[in-house]
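Enquirer: Got a structure for you, questions after.
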Amino acid sequence: MSNDIDTLNARFGIAGQLAFSEGPGGLALAELTNAHGSARVLLQGAQLIDWTPPGQAPVIWLSPAARFTVGKAVRGGVPVCWPWFGPHAVEADYPAHGFARSAPWEVMASRQSPENAGTELRLRLQRTDAHVAMWPHDCATEIRISLAPTLTLELVTRNTGRVAVTVSEALHTYFAVSDVRRITVEGLDGCTFFDKVDGGRQCLQSGPVTFGAETDRIYRHTGDSLIEDPGLARRIRISKQDSASTVVWNPWIDKAARLGDMGEDGYLNMVCVESGNVAGDVVSVAPGDAHRLAVQYALENLP
Ligand code: TA6
């Protein structure tokens, strides 16, 4: 199915709630709008790049230097890391974080959700020969995005083949913060983590996570986490289901400069808190089964 804008609007548009357009770099864009705010989703990578509740600053960070290029993940938003997280275990030239985040996805469905006055969009990964060459398994990969009182993303891996498949995955969410030096990430106290800045050393988290240098940690963690942002007088609550890993990342100064698309001091205004199943917590999906990784993001006012 093509991502022809007129066809998309005819088939899936919802008056006043969901419209498709040609976005930056000519990439097809879905814009969701309702009483709970607005969100924008690139069909490439099924990458949400904006979520702004009413009266709030954007909750999701998009690099001011983001490049919108066909076949390349955009810096910021919610990149979908699938069917592997990080570098490929064997093939160094395979794309980091898998191929889903830079691939074409097709719209499967859209609906108003009367139960919560929300708007929902469902997308499916379009398998290409290149994908099959890198990952020769039969899977249908879908994502459901719902703009409602909370923002929900649900990544579904459906095994349509005859043998079990193993995936590592993450919703690699960039959250917008006032100043990363003045926020804390709560909810990880007592969790073990691999410190990727220190050679993957296993450590134990004590108290909240604070930021004063490059931070790249894979926590074994299944509960909620909270980004406390006094500068914006808000807390972002991150709830998740079927996720054994939480990744916390800020590139800080030198890595941000090496990345080249973080913008001037962009690292100060973002933190990644990623929900997934990575490192030792890969997921095996039996033939005919489906695995659902889901997150809900909600804002709370700080007193
Ligand atoms: O999730 C953290 C991480 O794995 C970091 O190590 C860093 O590589 C980051 O992802 C961004 O990766 P990307 O391929 O998007 O530049």
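Following the order of the structure tokens, first chain is A, next is B, and so on, with residues numbered from 1 inside each chain and ligands from 1 in the order they appear.
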Excluding same-chain residues fewer than 3 positions from Pro83 of chain A, what lies within 12 Å of it counting only C-alpha atoms, as a VMD selection string?
Expert: chain A and resid 80 86 to 89 94 to 101 125 131 to 132 134 to 141 155 to 158 165 to 171 276 to 278 282 to 285
Enquirer: Using only C-alpha atoms and all ligand atoms, find each protein or nucleic acid residue lying at most 9 Å from ligand 1; present the set as an MDAnalysis selection string.
Expert: chainID A and resid 73:76 79 85:87 95:97 170 172:173 196:197 215:218 247:251 255 259 272:274
Enquirer: For those residues, write N, CA, C and O atoms to a file as a tab-separated table (two decimals), in the first residue's frame.
Expert:
```tsv
chain	number	residue	atom	x	y	z
A	73	ALA	N	16.76	7.12	10.63
A	73	ALA	CA	15.98	7.48	11.82
A	73	ALA	C	16.23	8.95	12.15
A	73	ALA	O	17.32	9.47	11.91
A	74	VAL	N	15.23	9.60	12.65
A	74	VAL	CA	15.30	11.02	13.01
A	74	VAL	C	15.73	11.11	14.47
A	74	VAL	O	15.33	10.28	15.30
A	75	ARG	N	16.58	12.08	14.78
A	75	ARG	CA	17.08	12.24	16.15
A	75	ARG	C	16.00	12.82	17.05
A	75	ARG	O	15.59	13.99	16.90
A	76	GLY	N	15.54	11.99	17.97
A	76	GLY	CA	14.51	12.45	18.90
A	76	GLY	C	13.26	11.60	18.76
A	76	GLY	O	13.24	10.55	18.09
A	79	PRO	N	12.09	6.51	18.56
A	79	PRO	CA	12.57	5.49	17.60
A	79	PRO	C	12.20	4.08	18.07
A	79	PRO	O	12.27	3.78	19.27
A	85	PHE	N	18.35	-4.55	19.65
A	85	PHE	CA	18.68	-3.29	20.32
A	85	PHE	C	20.20	-3.14	20.31
A	85	PHE	O	20.93	-4.11	20.56
A	86	GLY	N	20.67	-1.90	20.01
A	86	GLY	CA	22.12	-1.71	19.99
A	86	GLY	C	22.72	-2.30	18.72
A	86	GLY	O	22.02	-2.54	17.73
A	87	PRO	N	24.03	-2.54	18.74
A	87	PRO	CA	24.68	-3.10	17.55
A	87	PRO	C	24.23	-4.55	17.34
A	87	PRO	O	23.87	-5.25	18.29
A	95	PRO	N	22.35	-2.23	10.68
A	95	PRO	CA	22.02	-0.96	11.35
A	95	PRO	C	21.87	-1.12	12.86
A	95	PRO	O	21.25	-2.07	13.33
A	96	ALA	N	22.45	-0.18	13.60
A	96	ALA	CA	22.27	-0.19	15.06
A	96	ALA	C	20.80	-0.05	15.39
A	96	ALA	O	20.05	0.64	14.69
A	97	HIS	N	20.35	-0.74	16.40
A	97	HIS	CA	18.97	-0.70	16.88
A	97	HIS	C	17.97	-1.29	15.88
A	97	HIS	O	16.76	-1.00	15.95
A	170	ALA	N	13.20	-1.93	21.95
A	170	ALA	CA	12.98	-0.82	22.90
A	170	ALA	C	12.23	0.30	22.19
A	170	ALA	O	12.43	0.52	20.99
A	172	HIS	N	12.62	3.83	22.19
A	172	HIS	CA	13.80	4.61	22.57
A	172	HIS	C	13.44	6.09	22.75
A	172	HIS	O	13.93	6.96	22.02
A	173	THR	N	12.63	6.35	23.73
A	173	THR	CA	11.96	7.65	23.86
A	173	THR	C	12.86	8.76	24.40
A	173	THR	O	13.49	8.61	25.45
A	196	LYS	N	27.14	1.18	30.53
A	196	LYS	CA	27.83	1.09	29.24
A	196	LYS	C	28.94	2.13	29.12
A	196	LYS	O	29.79	2.04	28.25
A	197	VAL	N	28.93	3.12	29.99
A	197	VAL	CA	30.03	4.11	29.97
A	197	VAL	C	31.25	3.55	30.70
A	197	VAL	O	32.37	4.03	30.51
A	215	THR	N	25.76	9.38	30.33
A	215	THR	CA	25.05	8.35	31.10
A	215	THR	C	24.41	7.39	30.13
A	215	THR	O	23.68	7.82	29.22
A	216	ASP	N	24.73	6.08	30.28
A	216	ASP	CA	24.19	5.08	29.34
A	216	ASP	C	24.06	3.77	30.11
A	216	ASP	O	25.01	3.02	30.25
A	217	ARG	N	22.87	3.52	30.64
A	217	ARG	CA	22.68	2.43	31.58
A	217	ARG	C	21.49	1.55	31.18
A	217	ARG	O	20.46	2.09	30.81
A	218	ILE	N	21.68	0.24	31.29
A	218	ILE	CA	20.60	-0.71	31.03
A	218	ILE	C	20.20	-1.30	32.37
A	218	ILE	O	20.97	-2.06	32.98
A	247	VAL	N	16.26	1.62	29.83
A	247	VAL	CA	17.55	2.20	29.45
A	247	VAL	C	17.49	3.70	29.71
A	247	VAL	O	16.52	4.37	29.33
A	248	VAL	N	18.51	4.21	30.39
A	248	VAL	CA	18.59	5.65	30.68
A	248	VAL	C	19.83	6.18	29.98
A	248	VAL	O	20.94	5.65	30.17
A	249	TRP	N	19.62	7.21	29.15
A	249	TRP	CA	20.74	7.68	28.33
A	249	TRP	C	20.73	9.19	28.18
A	249	TRP	O	19.68	9.79	27.93
A	250	ASN	N	21.89	9.78	28.39
A	250	ASN	CA	22.15	11.15	27.96
A	250	ASN	C	23.58	11.18	27.44
A	250	ASN	O	24.50	10.75	28.11
A	251	PRO	N	23.78	11.68	26.21
A	251	PRO	CA	25.11	11.61	25.60
A	251	PRO	C	26.14	12.57	26.19
A	251	PRO	O	27.36	12.36	26.00
A	255	LYS	N	29.91	13.14	23.37
A	255	LYS	CA	29.18	12.21	22.49
A	255	LYS	C	28.14	12.98	21.68
A	255	LYS	O	27.94	12.70	20.49
A	259	LEU	N	27.77	12.86	17.69
A	259	LEU	CA	26.55	12.47	16.98
A	259	LEU	C	26.22	13.46	15.87
A	259	LEU	O	25.75	13.10	14.80
A	272	CYS	N	16.81	10.27	27.59
A	272	CYS	CA	16.12	9.07	27.09
A	272	CYS	C	15.82	8.16	28.26
A	272	CYS	O	16.71	7.83	29.05
A	273	VAL	N	14.57	7.78	28.40
A	273	VAL	CA	14.16	6.70	29.31
A	273	VAL	C	13.40	5.72	28.42
A	273	VAL	O	12.30	6.01	27.95
A	274	GLU	N	14.07	4.62	28.13
A	274	GLU	CA	13.62	3.68	27.09
A	274	GLU	C	13.08	2.41	27.72
A	274	GLU	O	13.71	1.86	28.64
```
Enquirer: Name the residues in contact with segment 14-26 of chain A at a cut-off of 7 Å, using only C-alpha atoms, excluding same-chain residues fewer than 6 positions from it; report them as a list in words.
Expert: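 In the requested format, the answer is Ile5, Leu8, Leu32, Thr33, Asn34, Phe68, Thr69 and Thr119 of chain A.
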Enquirer: Please dump the current selection as a PDB file, in the first residue's frame; keep C-alpha atoms.
Expert:
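Output (out10.pdb):
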```pdb
ATOM      1  CA  ILE A   5      -1.333  11.408   1.209  1.00  0.00           C
ATOM      2  CA  LEU A   8      -4.356   8.040   3.450  1.00  0.00           C
ATOM      3  CA  LEU A  32      -3.349  13.619  15.741  1.00  0.00           C
ATOM      4  CA  THR A  33      -5.302  16.348  17.503  1.00  0.00           C
ATOM      5  CA  ASN A  34      -7.971  16.150  20.191  1.00  0.00           C
ATOM      6  CA  PHE A  68      14.603  14.159   7.927  1.00  0.00           C
ATOM      7  CA  THR A  69      15.996  11.736   5.358  1.00  0.00           C
ATOM      8  CA  THR A 119      -7.500   9.101  18.791  1.00  0.00           C
TER       9      THR A 119
END
```
Enquirer: Would you give me, as a PyMOL selection string, the residues in segment 60-294 of chain A that DSSP reads as strand (DSSP E or B)?
Expert: chain A and resi 60+62+76+78+80-81+104-113+118-125+139-147+151-159+165-167+169-171+174-176+184-186+192-195+201-204+209+215-220+225-229+234-241+245-250+270-277+283-285+290-294
Enquirer: Of the residues A:Ala103, A:Ile238, A:Ala46, A:Ala290, which is the one nearest to Gly161 of chain A, using only C-alpha atoms?
Expert: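 When distances to Gly161 of chain A are compared using only C-alpha atoms, the smallest one comes from A:Ala290.
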Enquirer: Show which residues sit within 12 Å of Gly37 of chain A, as a ChimeraX atom specification. Count only C-alpha atoms, and ignore same-chain residues fewer than 5 positions away.
Expert: /A:17,31-32,50-59,117-119,146-151
Enquirer: Kindly save the residues from that selection, with C-alpha atoms included, as a CSV table (one decimal), in the first residue's frame.
Expert:
```csv
chain,number,residue,atom,x,y,z
A,17,GLN,CA,-8.7,14.5,14.8
A,31,GLU,CA,-1.1,14.6,12.9
A,32,LEU,CA,-3.3,13.6,15.7
A,50,ASP,CA,5.9,15.2,19.1
A,51,TRP,CA,3.4,15.0,21.9
A,52,THR,CA,2.2,18.2,23.4
A,53,PRO,CA,-0.7,18.1,25.9
A,54,PRO,CA,-2.8,21.3,26.2
A,55,GLY,CA,-1.0,24.2,28.0
A,56,GLN,CA,2.2,22.2,28.3
A,57,ALA,CA,5.6,22.4,26.7
A,58,PRO,CA,6.3,19.4,24.4
A,59,VAL,CA,6.9,16.2,26.4
A,117,ALA,CA,-12.1,10.7,23.8
A,118,GLY,CA,-8.8,9.6,22.3
A,119,THR,CA,-7.5,9.1,18.8
A,146,SER,CA,-3.1,6.4,21.2
A,147,LEU,CA,-3.5,10.1,22.1
A,148,ALA,CA,-5.7,10.2,25.1
A,149,PRO,CA,-5.3,11.4,28.7
A,150,THR,CA,-2.1,9.4,28.5
A,151,LEU,CA,0.0,8.8,25.4
```
Enquirer: Where in segment 16-254 of chain A does DSSP assign helix (DSSP H, G or I), given as a list in words?
Expert: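 Helix (DSSP H, G or I) members of segment 16-254 of chain A, listed: Pro24, Gly25, Gly26, Ala100, Arg101, Ser102, Asp129, Ala130, His131, Val132, Ala133, Met134, Val180, Arg181, Arg182, Lys196, Val197, Asp198, Pro230, Gly231, Leu232, Trp252, Ile253 and Asp254 of chain A.
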Enquirer: May I ask for the distance between atom CA of Met108 of chain A and atom CA of Leu123 of chain A, given in Å to one decimal place?
Expert: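 The value is 5.2 Å.
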Enquirer: Find, counting only C-alpha atoms, the residue in A:Tyr219, A:Ala233, A:Arg40, A:Ser63 that gets nearest to Gly200 of chain A.
Expert: A:Tyr219
Enquirer: Excluding segment 260-267 of chain A and any residue of its chain fewer than 4 positions from it, enumerate the residues within 6 Å of it, using only C-alpha atoms, and give them as an MDAnalysis selection string.
Expert: chainID A and resid 63:66 252 256
Enquirer: For Phe175 of chain A, which of A:Asp229, A:Asp224, A:Glu154, A:Asp4 is the closest residue, counting only C-alpha atoms?
Expert: A:Asp229
